[in-house]
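To start, the structure itself, in structure tokens.
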Number of protein chains: 2
Amino acid sequence: MRIATFNVNGIRAAERRGFPGWLAERTPDVLAVQEMRCPSGEVPDVFAGYHLVHDAGMIAGRNGVALATRTAPSAVRIGFGSKEFDREGRYVEVDLDPADGPLLRVASVYVPKGGTPFEDEASLAKMQRKFRFLRSFARHLSATRREAAREGREFVVMGDWNIAPTELDLRNWRTNRRSEGFLPEEREWIAGIQSPRTLVDVVRHHRHGEDGPYSWWSWRGKAFDNDAGWRIDYQLATPRLARSAIVTGTDRDLSYDTRISDHAPVVVDYDV
Amino acid sequence: MRIATFNVNGIRAAERRGFPGWLAERTPDVLAVQEMRCPSGEVPDVFAGYHLVHDAGMIAGRNGVALATRTAPSAVRIGFGSKEFDREGRYVEVDLDPADGPLLRVASVYVPKGGTPFEDEASLAKMQRKFRFLRSFARHLSATRREAAREGREFVVMGDWNIAPTELDLRNWRTNRRSEGFLPEEREWIAGIQSPRTLVDVVRHHRHGEDGPYSWWSWRGKAFDNDAGWRIDYQLATPRLARSAIVTGTDRDLSYDTRISDHAPVVVDYDV
DNA sequence: CCTACAAGG
DNA sequence: CCTTATAGG
């Protein structure tokens, strides 16, 4: 079973840049998408063969998450019960009851970007907003994971977390110690929602100790060519599922002429 | 002597679309440009070999007129003495004293678009504004033409007039009788500033009685392919100069792969 | 159906 | 250095 997460940075732009070819070659069973940046009525016809659950949110041209699944969802949830964040297109969650595999709950999340809190008022406000999201979202994760467990479901929540968890997860960690996305409080939070008995960072578990693989590179300069990236997209899975991963990585190495997005897809093959 | 006028619809976009190749092939002695849509500091380096007089105006990303001349101007004027319109990047005028030809005054104008006055308040206001421009501009034309005459200068004022003068000047004139750009009052105005002793529409004089040649086609649909265009860009010249025209036309027929702009250049070779 | 700009990343 | 939205054409 192949599960992928991909911040496409605008599904309409991604279509032009080769998303359909990527999907045809990789054909994940489940694909979590972030930054659709597209009204539901204008999503290009690139998810043929999938059941698509899409929350565009209410802010035109921004955010937007989706789940494309080969199996039809048996339940769908949009948002995670937050008054502040549920209408922004940041979270969708579906249950899957496939004929030939374990019961599953999968989720696609797009964590807000913060601001560098030392810069100005607006940046500080953005960072505080990010932490409000994180606190609220942690409660939901805990609850939905437990509920999934009671139903005998494995659970995988994936997306763009906008946090690099450790020094292994960004190329220039020394210069970014005070940068948004690598602040101590953010790293504490992402560590705090993981444990060997609750949720496991699948790629890191499978490729522990190595640098990267990064999933995002700035468009500017030669960040991509120099692999000066960040690993901010990942899949957190329940332990049994996480340990079943047999191939993990990003599609940075796949031979596509054009970069589809500033993020690379994060793809995991689970042996279930 | 070759004189051209070209509404480039954004000089930066025009550069990408082949403007440098066009200029290299046509090499007018004088080029009037409209809709530069570009701050003066960011004009691409496409006018090498020309003296460039550019008024970007104060509205970011809109309007902007220029004159590119092989001869260095002996005088430059920006605007035509209108409080309302002089800072919008709609008029530049220069005097040229070439070694090998007549004394000249040349001008580049971008007449405001109106609105269809039967539609709504905003459209009516735009049309009224256009007429305020026209009334004020007519006074300037009359004065500057006389001044040029006193100095022994021929005068040519050219640009995007946003008025099709007669039924010969737009493909679908029947359906556009109540459209902005072909209103009776607009046609009266453009007729009123012309006469065999003052200013002459050079292309129309040289190719009188024929349909077109059009200089603008909507980007939408197949307007260009069907030649469903308007002749709204033209050169008005003092009679002696106008009668000296030996080749007149637009570059609609030149074999360029891409349309540089929604307007075509209007090029006249004067035998002086 | 293009052009710019603006705001967000 | 990309994306989208928006106003203007």
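Every chain in the structure tokens takes a letter, A first, then B, and so on in the order presented; its residues are numbered from 1, and the ligands are numbered from 1 following the presented order.
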
Residues of chain D within 10 Å of chain A: nearest atom pair and distance (Å, one decimal) for each, counting only C-alpha atoms (C1' of nucleotides), sorted by chain and number, as JSON lines?
{"residue": "D:DC1", "atom": "C1'", "partner": "A:Arg220", "partner_atom": "CA", "distance": 5.0}
{"residue": "D:DC2", "atom": "C1'", "partner": "A:Trp219", "partner_atom": "CA", "distance": 6.3}
{"residue": "D:DT3", "atom": "C1'", "partner": "A:Gly10", "partner_atom": "CA", "distance": 6.6}
{"residue": "D:DT4", "atom": "C1'", "partner": "A:Gly61", "partner_atom": "CA", "distance": 4.9}
{"residue": "D:DA5", "atom": "C1'", "partner": "A:Gly61", "partner_atom": "CA", "distance": 6.7}

List every residue of segment 128-245 of chain B that DSSP, applied to the backbone, labels as strand (DSSP E), and write the result as a VMD selection string. chain B and resid 154 to 160 200 to 201 233 to 237 245

With N, CA and C atoms retained, write the just-selected residues as a PDB file, in the first residue's frame.
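The resulting file, again_27.pdb, is shown below:
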ATOM      1  N   GLU B 154       7.151  70.304 -39.044  1.00  0.00           N
ATOM      2  CA  GLU B 154       6.045  69.385 -39.289  1.00  0.00           C
ATOM      3  C   GLU B 154       5.687  68.753 -37.946  1.00  0.00           C
ATOM      4  N   PHE B 155       4.444  68.310 -37.833  1.00  0.00           N
ATOM      5  CA  PHE B 155       3.967  67.780 -36.551  1.00  0.00           C
ATOM      6  C   PHE B 155       3.247  66.461 -36.800  1.00  0.00           C
ATOM      7  N   VAL B 156       3.573  65.451 -36.008  1.00  0.00           N
ATOM      8  CA  VAL B 156       2.813  64.197 -36.080  1.00  0.00           C
ATOM      9  C   VAL B 156       2.504  63.736 -34.655  1.00  0.00           C
ATOM     10  N   VAL B 157       1.215  63.548 -34.399  1.00  0.00           N
ATOM     11  CA  VAL B 157       0.760  63.067 -33.085  1.00  0.00           C
ATOM     12  C   VAL B 157       0.121  61.710 -33.310  1.00  0.00           C
ATOM     13  N   MET B 158       0.590  60.742 -32.537  1.00  0.00           N
ATOM     14  CA  MET B 158       0.151  59.365 -32.814  1.00  0.00           C
ATOM     15  C   MET B 158      -0.017  58.608 -31.515  1.00  0.00           C
ATOM     16  N   GLY B 159      -0.742  57.522 -31.583  1.00  0.00           N
ATOM     17  CA  GLY B 159      -0.934  56.718 -30.393  1.00  0.00           C
ATOM     18  C   GLY B 159      -2.201  55.909 -30.460  1.00  0.00           C
ATOM     19  N   ASP B 160      -2.637  55.548 -29.251  1.00  0.00           N
ATOM     20  CA  ASP B 160      -3.873  54.784 -29.103  1.00  0.00           C
ATOM     21  C   ASP B 160      -4.954  55.788 -28.748  1.00  0.00           C
ATOM     22  N   VAL B 200      -3.993  65.368 -40.616  1.00  0.00           N
ATOM     23  CA  VAL B 200      -4.519  64.367 -41.541  1.00  0.00           C
ATOM     24  C   VAL B 200      -4.193  62.966 -41.007  1.00  0.00           C
ATOM     25  N   ASP B 201      -5.192  62.106 -41.035  1.00  0.00           N
ATOM     26  CA  ASP B 201      -5.017  60.698 -40.639  1.00  0.00           C
ATOM     27  C   ASP B 201      -4.232  60.007 -41.766  1.00  0.00           C
ATOM     28  N   ASP B 233      -5.503  52.956 -33.445  1.00  0.00           N
ATOM     29  CA  ASP B 233      -4.153  53.518 -33.341  1.00  0.00           C
ATOM     30  C   ASP B 233      -3.842  54.182 -34.676  1.00  0.00           C
ATOM     31  N   TYR B 234      -3.475  55.453 -34.634  1.00  0.00           N
ATOM     32  CA  TYR B 234      -3.136  56.108 -35.899  1.00  0.00           C
ATOM     33  C   TYR B 234      -2.245  57.312 -35.692  1.00  0.00           C
ATOM     34  N   GLN B 235      -1.727  57.745 -36.822  1.00  0.00           N
ATOM     35  CA  GLN B 235      -0.836  58.905 -36.858  1.00  0.00           C
ATOM     36  C   GLN B 235      -1.579  60.045 -37.530  1.00  0.00           C
ATOM     37  N   LEU B 236      -1.689  61.163 -36.834  1.00  0.00           N
ATOM     38  CA  LEU B 236      -2.230  62.380 -37.444  1.00  0.00           C
ATOM     39  C   LEU B 236      -1.047  63.310 -37.715  1.00  0.00           C
ATOM     40  N   ALA B 237      -0.930  63.725 -38.955  1.00  0.00           N
ATOM     41  CA  ALA B 237       0.238  64.525 -39.324  1.00  0.00           C
ATOM     42  C   ALA B 237      -0.181  65.794 -40.043  1.00  0.00           C
ATOM     43  N   ALA B 245       3.582  60.358 -47.325  1.00  0.00           N
ATOM     44  CA  ALA B 245       3.633  58.932 -46.951  1.00  0.00           C
ATOM     45  C   ALA B 245       3.665  58.049 -48.184  1.00  0.00           C
TER      46      ALA B 245
END

Would you tabulate, counting only C-alpha atoms (C1' of nucleotides), all residues of chain C that have an atom at most 9 Å from an atom of chain B, showing the closest pair of atoms and their distance in Å to one decimal, sorted by chain then ascending number, as a tab-separated table?
residue	atom	partner	partner_atom	distance
C:DC1	C1'	B:Arg220	CA	5.0
C:DC2	C1'	B:Trp219	CA	6.4
C:DT3	C1'	B:Gly10	CA	6.4
C:DA4	C1'	B:Gly61	CA	4.8
C:DC5	C1'	B:Gly61	CA	6.7

Could you turn the residues from that selection into a file that holds C-alpha atoms (C1' of nucleotides), as a PDB file, in the first residue's frame?
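File written: part18.pdb
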ATOM      1  C1'  DC C   1      -7.804  36.539 -22.337  1.00  0.00           C
ATOM      2  C1'  DC C   2      -4.109  39.279 -21.484  1.00  0.00           C
ATOM      3  C1'  DT C   3      -1.432  42.942 -18.352  1.00  0.00           C
ATOM      4  C1'  DA C   4       0.100  44.603 -14.281  1.00  0.00           C
ATOM      5  C1'  DC C   5       0.105  44.773  -8.757  1.00  0.00           C
TER       6       DC C   5
END

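Between Glu180 of chain B and the candidates B:Thr116, B:Thr5, B:Gln34, B:Ser108, the tightest atom-to-atom separation, counting only C-alpha atoms, involves B:Thr116.
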
If DSSP is run on the backbone, what residues of segment 78-219 of chain B are helix (DSSP H, G or I)? A reply as a PyMOL selection string would be ideal. chain B and resi 121-150+167-169+184-192+202-206

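Compared by their closest atoms to Glu188 of chain B, and using only C-alpha atoms, the residues B:His51, B:Arg135, B:Arg146, B:Arg2 rank with B:Arg135 nearest.
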
Non-local contacts of Ala66 of chain A (8 Å; only C-alpha atoms (C1' of nucleotides); under 3 positions in same chain excluded) as an MDAnalysis selection string: chainID A and resid 32:34 36 52:55 92 108

Would you put the residues from that selection into a file with N, CA, C and O atoms, as a CSV table (one decimal), in the first residue's frame?
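Saved the output as again11.csv:
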chain,number,residue,atom,x,y,z
A,32,ALA,N,-2.4,12.5,0.1
A,32,ALA,CA,-2.8,13.7,0.9
A,32,ALA,C,-2.2,14.9,0.1
A,32,ALA,O,-1.0,14.9,-0.2
A,33,VAL,N,-3.0,16.0,-0.1
A,33,VAL,CA,-2.6,17.2,-0.8
A,33,VAL,C,-2.8,18.4,0.1
A,33,VAL,O,-3.7,18.4,0.9
A,34,GLN,N,-1.8,19.3,0.0
A,34,GLN,CA,-1.9,20.6,0.7
A,34,GLN,C,-1.7,21.7,-0.3
A,34,GLN,O,-1.1,21.5,-1.3
A,36,MET,N,-3.9,23.3,-2.2
A,36,MET,CA,-4.7,23.2,-3.4
A,36,MET,C,-4.8,24.6,-4.0
A,36,MET,O,-4.8,24.8,-5.3
A,52,LEU,N,-12.1,12.0,-4.3
A,52,LEU,CA,-11.5,13.2,-3.8
A,52,LEU,C,-12.3,13.8,-2.8
A,52,LEU,O,-13.5,14.1,-3.0
A,53,VAL,N,-11.7,14.1,-1.6
A,53,VAL,CA,-12.3,14.9,-0.6
A,53,VAL,C,-11.5,16.2,-0.5
A,53,VAL,O,-10.3,16.1,-0.2
A,54,HIS,N,-12.1,17.3,-0.7
A,54,HIS,CA,-11.3,18.5,-0.8
A,54,HIS,C,-12.0,19.6,0.0
A,54,HIS,O,-13.2,19.8,-0.1
A,55,ASP,N,-11.2,20.2,0.9
A,55,ASP,CA,-11.7,21.4,1.6
A,55,ASP,C,-10.9,22.6,1.1
A,55,ASP,O,-9.8,22.8,1.5
A,92,VAL,N,-8.4,17.7,6.5
A,92,VAL,CA,-9.5,16.7,6.2
A,92,VAL,C,-9.0,15.4,6.7
A,92,VAL,O,-7.8,15.1,6.7
A,108,SER,N,-5.1,14.7,6.1
A,108,SER,CA,-4.2,15.7,5.4
A,108,SER,C,-4.2,17.0,6.2
A,108,SER,O,-5.3,17.6,6.4

Could you jot down the atom CA of Ser123 of chain B to atom CA of Leu141 of chain B separation for me, Å, one decimal place? 26.4 Å

Any idea what's packed within 12 Å of segment 75-78 of chain B, counting only C-alpha atoms (C1' of nucleotides), ignoring anything in its chain fewer than 5 positions away? Could you give it as a PyMOL selection string? chain B and resi 51-57+64-69+85-97+103-109+140+144+148
